[in-house]
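S.K.: Pasting model_33.pdb below, which is PDB, N, CA and C atoms.
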ATOM      1  N   MET A 251     110.056 115.369  98.501
ATOM      2  CA  MET A 251     111.107 114.807  97.700
ATOM      3  C   MET A 251     111.792 115.928  96.926
ATOM      4  N   THR A 252     113.085 115.761  96.745
ATOM      5  CA  THR A 252     113.891 116.792  96.105
ATOM      6  C   THR A 252     114.428 116.297  94.765
ATOM      7  N   GLU A 253     114.239 117.093  93.723
ATOM      8  CA  GLU A 253     114.745 116.728  92.406
ATOM      9  C   GLU A 253     116.260 116.557  92.449
ATOM     10  N   GLY A 254     116.752 115.478  91.851
ATOM     11  CA  GLY A 254     118.185 115.209  91.806
ATOM     12  C   GLY A 254     118.705 114.404  92.979
ATOM     13  N   THR A 255     117.878 114.155  93.978
ATOM     14  CA  THR A 255     118.298 113.389  95.152
ATOM     15  C   THR A 255     118.156 111.899  94.869
ATOM     16  N   ILE A 256     119.074 111.103  95.418
ATOM     17  CA  ILE A 256     119.049 109.660  95.226
ATOM     18  C   ILE A 256     118.186 109.019  96.314
ATOM     19  N   TYR A 257     117.324 108.072  95.878
ATOM     20  CA  TYR A 257     116.424 107.372  96.798
ATOM     21  C   TYR A 257     116.521 105.867  96.587
ATOM     22  N   VAL A 258     116.300 105.144  97.677
ATOM     23  CA  VAL A 258     116.128 103.701  97.628
ATOM     24  C   VAL A 258     114.629 103.448  97.684
ATOM     25  N   LEU A 259     114.105 102.747  96.692
ATOM     26  CA  LEU A 259     112.677 102.456  96.608
ATOM     27  C   LEU A 259     112.449 100.968  96.813
ATOM     28  N   VAL A 260     111.453 100.639  97.600
ATOM     29  CA  VAL A 260     111.032  99.256  97.741
ATOM     30  C   VAL A 260     109.700  99.129  97.016
ATOM     31  N   ASP A 261     109.745  98.529  95.828
ATOM     32  CA  ASP A 261     108.549  98.286  95.026
ATOM     33  C   ASP A 261     107.937  96.984  95.533
ATOM     34  N   ASP A 262     106.699  97.029  95.981
ATOM     35  CA  ASP A 262     106.051  95.863  96.569
ATOM     36  C   ASP A 262     105.984  94.672  95.616
ATOM     37  N   HIS A 263     106.114  94.903  94.320
ATOM     38  CA  HIS A 263     105.977  93.825  93.353
ATOM     39  C   HIS A 263     107.285  93.438  92.667
ATOM     40  N   LYS A 264     108.259  94.356  92.624
ATOM     41  CA  LYS A 264     109.462  94.087  91.823
ATOM     42  C   LYS A 264     110.777  94.080  92.596
ATOM     43  N   GLY A 265     110.809  94.590  93.816
ATOM     44  CA  GLY A 265     112.046  94.547  94.583
ATOM     45  C   GLY A 265     112.567  95.906  95.005
ATOM     46  N   ILE A 266     113.890  95.973  95.218
ATOM     47  CA  ILE A 266     114.555  97.173  95.736
ATOM     48  C   ILE A 266     115.361  97.821  94.611
ATOM     49  N   PHE A 267     115.221  99.152  94.497
ATOM     50  CA  PHE A 267     115.898  99.898  93.437
ATOM     51  C   PHE A 267     116.519 101.172  94.001
ATOM     52  N   VAL A 268     117.570 101.640  93.333
ATOM     53  CA  VAL A 268     118.204 102.914  93.685
ATOM     54  C   VAL A 268     118.137 103.802  92.442
ATOM     55  N   HIS A 269     117.462 104.948  92.589
ATOM     56  CA  HIS A 269     117.293 105.866  91.466
ATOM     57  C   HIS A 269     117.393 107.314  91.945
ATOM     58  N   ARG A 270     117.635 108.191  91.010
ATOM     59  CA  ARG A 270     117.645 109.631  91.273
ATOM     60  C   ARG A 270     116.262 110.189  90.924
ATOM     61  N   PHE A 271     115.662 110.940  91.858
ATOM     62  CA  PHE A 271     114.325 111.483  91.633
ATOM     63  C   PHE A 271     114.375 112.591  90.599
ATOM     64  N   LYS A 272     113.413 112.555  89.657
ATOM     65  CA  LYS A 272     113.363 113.558  88.604
ATOM     66  C   LYS A 272     112.172 114.509  88.800
ATOM     67  N   THR A 273     110.940 113.963  88.867
ATOM     68  CA  THR A 273     109.773 114.829  89.004
ATOM     69  C   THR A 273     108.524 114.025  89.367
ATOM     70  N   VAL A 274     107.511 114.742  89.812
ATOM     71  CA  VAL A 274     106.183 114.163  90.033
ATOM     72  C   VAL A 274     105.417 114.315  88.727
ATOM     73  N   LEU A 275     104.931 113.211  88.184
ATOM     74  CA  LEU A 275     104.196 113.267  86.917
ATOM     75  C   LEU A 275     102.738 113.648  87.133
ATOM     76  N   ASN A 276     102.124 113.082  88.163
ATOM     77  CA  ASN A 276     100.732 113.371  88.509
ATOM     78  C   ASN A 276     100.491 112.892  89.941
ATOM     79  N   ASP A 277      99.261 112.845  90.379
ATOM     80  CA  ASP A 277      98.949 112.450  91.759
ATOM     81  C   ASP A 277      99.354 111.019  92.073
ATOM     82  N   ASP A 278      99.499 110.182  91.050
ATOM     83  CA  ASP A 278      99.750 108.759  91.266
ATOM     84  C   ASP A 278     101.131 108.268  90.863
ATOM     85  N   GLU A 279     101.911 109.079  90.130
ATOM     86  CA  GLU A 279     103.160 108.573  89.562
ATOM     87  C   GLU A 279     104.345 109.505  89.796
ATOM     88  N   LEU A 280     105.504 108.869  90.013
ATOM     89  CA  LEU A 280     106.770 109.578  90.202
ATOM     90  C   LEU A 280     107.744 109.131  89.116
ATOM     91  N   LEU A 281     108.540 110.060  88.609
ATOM     92  CA  LEU A 281     109.531 109.752  87.580
ATOM     93  C   LEU A 281     110.923 109.778  88.187
ATOM     94  N   PHE A 282     111.671 108.695  87.979
ATOM     95  CA  PHE A 282     113.042 108.584  88.459
ATOM     96  C   PHE A 282     113.961 108.353  87.273
ATOM     97  N   THR A 283     115.214 108.751  87.424
ATOM     98  CA  THR A 283     116.221 108.543  86.396
ATOM     99  C   THR A 283     117.374 107.756  87.009
ATOM    100  N   ASN A 284     118.301 107.357  86.181
ATOM    101  CA  ASN A 284     119.442 106.576  86.644
ATOM    102  C   ASN A 284     120.711 107.234  86.137
ATOM    103  N   ASP A 285     121.749 107.254  86.938
ATOM    104  CA  ASP A 285     123.019 107.842  86.523
ATOM    105  C   ASP A 285     123.698 107.025  85.419
ATOM    106  N   ASN A 286     123.348 105.749  85.322
ATOM    107  CA  ASN A 286     123.894 104.873  84.296
ATOM    108  C   ASN A 286     123.025 105.017  83.044
ATOM    109  N   SER A 287     123.577 105.537  81.957
ATOM    110  CA  SER A 287     122.819 105.812  80.737
ATOM    111  C   SER A 287     122.293 104.544  80.060
ATOM    112  N   PHE A 288     122.746 103.384  80.486
ATOM    113  CA  PHE A 288     122.240 102.121  79.956
ATOM    114  C   PHE A 288     120.764 101.938  80.299
ATOM    115  N   PHE A 289     120.335 102.505  81.440
ATOM    116  CA  PHE A 289     118.965 102.352  81.917
ATOM    117  C   PHE A 289     118.113 103.564  81.544
ATOM    118  N   ASN A 290     116.871 103.320  81.162
ATOM    119  CA  ASN A 290     115.917 104.379  80.851
ATOM    120  C   ASN A 290     115.308 104.944  82.125
ATOM    121  N   ASP A 291     114.658 106.100  82.002
ATOM    122  CA  ASP A 291     113.894 106.649  83.118
ATOM    123  C   ASP A 291     112.816 105.645  83.516
ATOM    124  N   LYS A 292     112.433 105.672  84.787
ATOM    125  CA  LYS A 292     111.476 104.708  85.314
ATOM    126  C   LYS A 292     110.345 105.433  86.021
ATOM    127  N   ILE A 293     109.117 105.045  85.712
ATOM    128  CA  ILE A 293     107.935 105.598  86.370
ATOM    129  C   ILE A 293     107.462 104.604  87.419
ATOM    130  N   TYR A 294     107.264 105.097  88.642
ATOM    131  CA  TYR A 294     106.746 104.265  89.729
ATOM    132  C   TYR A 294     105.398 104.804  90.172
ATOM    133  N   ARG A 295     104.451 103.909  90.341
ATOM    134  CA  ARG A 295     103.158 104.283  90.910
ATOM    135  C   ARG A 295     103.316 104.387  92.423
ATOM    136  N   LYS A 296     102.797 105.450  93.002
ATOM    137  CA  LYS A 296     102.940 105.680  94.444
ATOM    138  C   LYS A 296     102.367 104.533  95.267
ATOM    139  N   ASP A 297     101.262 103.937  94.801
ATOM    140  CA  ASP A 297     100.621 102.876  95.585
ATOM    141  C   ASP A 297     101.409 101.565  95.573
ATOM    142  N   ARG A 298     102.447 101.473  94.737
ATOM    143  CA  ARG A 298     103.284 100.265  94.709
ATOM    144  C   ARG A 298     104.592 100.445  95.472
ATOM    145  N   ILE A 299     104.866 101.651  95.943
ATOM    146  CA  ILE A 299     106.089 101.908  96.712
ATOM    147  C   ILE A 299     105.802 101.620  98.178
ATOM    148  N   GLY A 300     106.417 100.561  98.689
ATOM    149  CA  GLY A 300     106.221 100.181 100.083
ATOM    150  C   GLY A 300     107.057 101.030 101.028
ATOM    151  N   GLU A 301     108.271 101.345 100.601
ATOM    152  CA  GLU A 301     109.184 102.179 101.395
ATOM    153  C   GLU A 301     109.979 103.060 100.440
ATOM    154  N   LEU A 302     110.372 104.231 100.943
ATOM    155  CA  LEU A 302     111.170 105.175 100.167
ATOM    156  C   LEU A 302     112.172 105.810 101.115
ATOM    157  N   TRP A 303     113.458 105.630 100.837
ATOM    158  CA  TRP A 303     114.529 106.122 101.704
ATOM    159  C   TRP A 303     115.407 107.084 100.924
ATOM    160  N   GLU A 304     115.675 108.245 101.494
ATOM    161  CA  GLU A 304     116.602 109.193 100.883
ATOM    162  C   GLU A 304     118.026 108.807 101.257
ATOM    163  N   VAL A 305     118.904 108.733 100.256
ATOM    164  CA  VAL A 305     120.306 108.394 100.496
ATOM    165  C   VAL A 305     121.027 109.654 100.954
ATOM    166  N   LYS A 306     121.599 109.602 102.143
ATOM    167  CA  LYS A 306     122.323 110.741 102.713
ATOM    168  C   LYS A 306     123.831 110.606 102.539
ATOM    169  N   GLY A 307     124.310 109.388 102.378
ATOM    170  CA  GLY A 307     125.742 109.169 102.235
ATOM    171  C   GLY A 307     125.997 107.706 101.909
ATOM    172  N   ALA A 308     127.228 107.410 101.567
ATOM    173  CA  ALA A 308     127.595 106.038 101.240
ATOM    174  C   ALA A 308     129.063 105.842 101.549
ATOM    175  N   PHE A 309     129.402 104.647 101.972
ATOM    176  CA  PHE A 309     130.797 104.274 102.168
ATOM    177  C   PHE A 309     131.216 103.453 100.964
ATOM    178  N   LEU A 310     132.033 104.048 100.116
ATOM    179  CA  LEU A 310     132.456 103.401  98.876
ATOM    180  C   LEU A 310     133.979 103.404  98.814
ATOM    181  N   ALA A 311     134.551 102.257  98.925
ATOM    182  CA  ALA A 311     136.000 102.151  98.998
ATOM    183  C   ALA A 311     136.698 102.378  97.662
ATOM    184  N   ASN A 312     136.012 102.127  96.543
ATOM    185  CA  ASN A 312     136.689 102.142  95.257
ATOM    186  C   ASN A 312     136.017 103.031  94.206
ATOM    187  N   LEU A 313     135.231 103.992  94.619
ATOM    188  CA  LEU A 313     134.541 104.848  93.656
ATOM    189  C   LEU A 313     135.101 106.256  93.746
ATOM    190  N   PRO A 314     135.535 106.860  92.628
ATOM    191  CA  PRO A 314     136.187 108.170  92.662
ATOM    192  C   PRO A 314     135.328 109.275  93.287
ATOM    193  N   SER A 315     134.096 109.464  92.802
ATOM    194  CA  SER A 315     133.224 110.483  93.378
ATOM    195  C   SER A 315     131.816 110.320  92.835
ATOM    196  N   LEU A 316     130.857 110.873  93.550
ATOM    197  CA  LEU A 316     129.453 110.828  93.097
ATOM    198  C   LEU A 316     129.052 112.180  92.580
TER     199      LEU A 316
END
Please lay out the structure from this file as structure tokens.
M.R.:
Amino acid sequence: MTEGTIYVLVDDHKGIFVHRFKTVLNDDELLFTNDNSFFNDKIYRKDRIGELWEVKGAFLANLPSL
């Protein structure tokens, strides 16, 4: 995983999320951040992540830039 890269996470208990990877906290936990300052950083336990997808691109018709 690369710091600053956007990932789609499937949390087996809470659903699907899109976050920017920040750092590995320890053997069991990953820290993610969000570009929207309304949301706090989020810690995910590795054993609760069912799937993890790196975002390579997006088709956005109305967004100025990422």
S.K.: Compile the contact shell of Lys264 in chain A as a ChimeraX atom specification: residues with an atom at most 12 Å away, counting only C-alpha atoms, same-chain residues fewer than 3 positions apart removed.
M.R.: /A:259-261,267,294,298-300
S.K.: Identify the residues around (116.8, 103.5, 90.9) within a radius of 6 Å, measuring from all atoms listed in the file in the coordinates stated by the file, and give them as a list in words.
M.R.: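 Collected hits near the coordinates: Phe267, Val268, His269, Arg270, Thr283 and Asn284 of chain A.
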S.K.: Need to verify the contact set: range 277-282 of chain A, 6 Å, all atoms listed in the file, exclusion of same-chain residues closer than 4 positions in sequence. Can you return it as a list in words?
M.R.: His269, Arg270, Phe271, Lys272, Thr273, Asp291, Lys292, Ile293, Tyr294, Arg295, Lys296 and Asp297 of chain A
S.K.: Out of A:Ile266, A:Leu275, A:Tyr257, A:Asp285, which residue has the shortest atom-to-atom distance to Leu302 in chain A when counting only C-alpha atoms?
M.R.: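 Residue with the minimum atom-to-atom distance to Leu302 in chain A: A:Tyr257.
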S.K.: Pick the closest to Lys306 in chain A from A:Gly265, A:Val274, A:Ile256, A:Asn286: which is it, counting all atoms listed in the file?
M.R.: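 So, comparing all the options, the nearest one is A:Ile256.
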S.K.: Atom N of Gly307 in chain A to CA of Val258 in chain A: how many Å, to one decimal?
M.R.: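 Computing it gives 11.0 Å between the two atoms.
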S.K.: Could you tell me how far atom C of His263 in chain A lies from atom N of Phe309 in chain A, in Å and to one decimal?
M.R.: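 Answer for the atom C of His263 in chain A to atom N of Phe309 in chain A separation: 26.5 Å.
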S.K.: Would you please extract all strand (DSSP E) residues from chain A, as assigned by DSSP on the backbone, and give them as a VMD selection string?
M.R.: chain A and resid 256 to 261 265 to 274 279 to 283 292 to 295 299 to 304
S.K.: Could you check how far atom C of Trp303 in chain A sits from atom C of Gly254 in chain A, in Å to one decimal?
M.R.: 11.3 Å
S.K.: Would you mind writing range 269-280 of chain A with N, CA, C and O atoms, as a PDB file, keeping the file's coordinate frame?
M.R.:
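Final file, part38.pdb:
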ATOM      1  N   HIS A 269     117.462 104.948  92.589  1.00  0.00           N
ATOM      2  CA  HIS A 269     117.293 105.866  91.466  1.00  0.00           C
ATOM      3  C   HIS A 269     117.393 107.314  91.945  1.00  0.00           C
ATOM      4  O   HIS A 269     117.213 107.603  93.123  1.00  0.00           O
ATOM      5  N   ARG A 270     117.635 108.191  91.010  1.00  0.00           N
ATOM      6  CA  ARG A 270     117.645 109.631  91.273  1.00  0.00           C
ATOM      7  C   ARG A 270     116.262 110.189  90.924  1.00  0.00           C
ATOM      8  O   ARG A 270     115.743 109.953  89.835  1.00  0.00           O
ATOM      9  N   PHE A 271     115.662 110.940  91.858  1.00  0.00           N
ATOM     10  CA  PHE A 271     114.325 111.483  91.633  1.00  0.00           C
ATOM     11  C   PHE A 271     114.375 112.591  90.599  1.00  0.00           C
ATOM     12  O   PHE A 271     115.238 113.460  90.630  1.00  0.00           O
ATOM     13  N   LYS A 272     113.413 112.555  89.657  1.00  0.00           N
ATOM     14  CA  LYS A 272     113.363 113.558  88.604  1.00  0.00           C
ATOM     15  C   LYS A 272     112.172 114.509  88.800  1.00  0.00           C
ATOM     16  O   LYS A 272     112.360 115.710  88.898  1.00  0.00           O
ATOM     17  N   THR A 273     110.940 113.963  88.867  1.00  0.00           N
ATOM     18  CA  THR A 273     109.773 114.829  89.004  1.00  0.00           C
ATOM     19  C   THR A 273     108.524 114.025  89.367  1.00  0.00           C
ATOM     20  O   THR A 273     108.489 112.811  89.209  1.00  0.00           O
ATOM     21  N   VAL A 274     107.511 114.742  89.812  1.00  0.00           N
ATOM     22  CA  VAL A 274     106.183 114.163  90.033  1.00  0.00           C
ATOM     23  C   VAL A 274     105.417 114.315  88.727  1.00  0.00           C
ATOM     24  O   VAL A 274     105.287 115.419  88.207  1.00  0.00           O
ATOM     25  N   LEU A 275     104.931 113.211  88.184  1.00  0.00           N
ATOM     26  CA  LEU A 275     104.196 113.267  86.917  1.00  0.00           C
ATOM     27  C   LEU A 275     102.738 113.648  87.133  1.00  0.00           C
ATOM     28  O   LEU A 275     102.170 114.410  86.369  1.00  0.00           O
ATOM     29  N   ASN A 276     102.124 113.082  88.163  1.00  0.00           N
ATOM     30  CA  ASN A 276     100.732 113.371  88.509  1.00  0.00           C
ATOM     31  C   ASN A 276     100.491 112.892  89.941  1.00  0.00           C
ATOM     32  O   ASN A 276     101.443 112.526  90.626  1.00  0.00           O
ATOM     33  N   ASP A 277      99.261 112.845  90.379  1.00  0.00           N
ATOM     34  CA  ASP A 277      98.949 112.450  91.759  1.00  0.00           C
ATOM     35  C   ASP A 277      99.354 111.019  92.073  1.00  0.00           C
ATOM     36  O   ASP A 277      99.526 110.669  93.236  1.00  0.00           O
ATOM     37  N   ASP A 278      99.499 110.182  91.050  1.00  0.00           N
ATOM     38  CA  ASP A 278      99.750 108.759  91.266  1.00  0.00           C
ATOM     39  C   ASP A 278     101.131 108.268  90.863  1.00  0.00           C
ATOM     40  O   ASP A 278     101.498 107.144  91.187  1.00  0.00           O
ATOM     41  N   GLU A 279     101.911 109.079  90.130  1.00  0.00           N
ATOM     42  CA  GLU A 279     103.160 108.573  89.562  1.00  0.00           C
ATOM     43  C   GLU A 279     104.345 109.505  89.796  1.00  0.00           C
ATOM     44  O   GLU A 279     104.212 110.720  89.750  1.00  0.00           O
ATOM     45  N   LEU A 280     105.504 108.869  90.013  1.00  0.00           N
ATOM     46  CA  LEU A 280     106.770 109.578  90.202  1.00  0.00           C
ATOM     47  C   LEU A 280     107.744 109.131  89.116  1.00  0.00           C
ATOM     48  O   LEU A 280     107.782 107.951  88.761  1.00  0.00           O
TER      49      LEU A 280
END
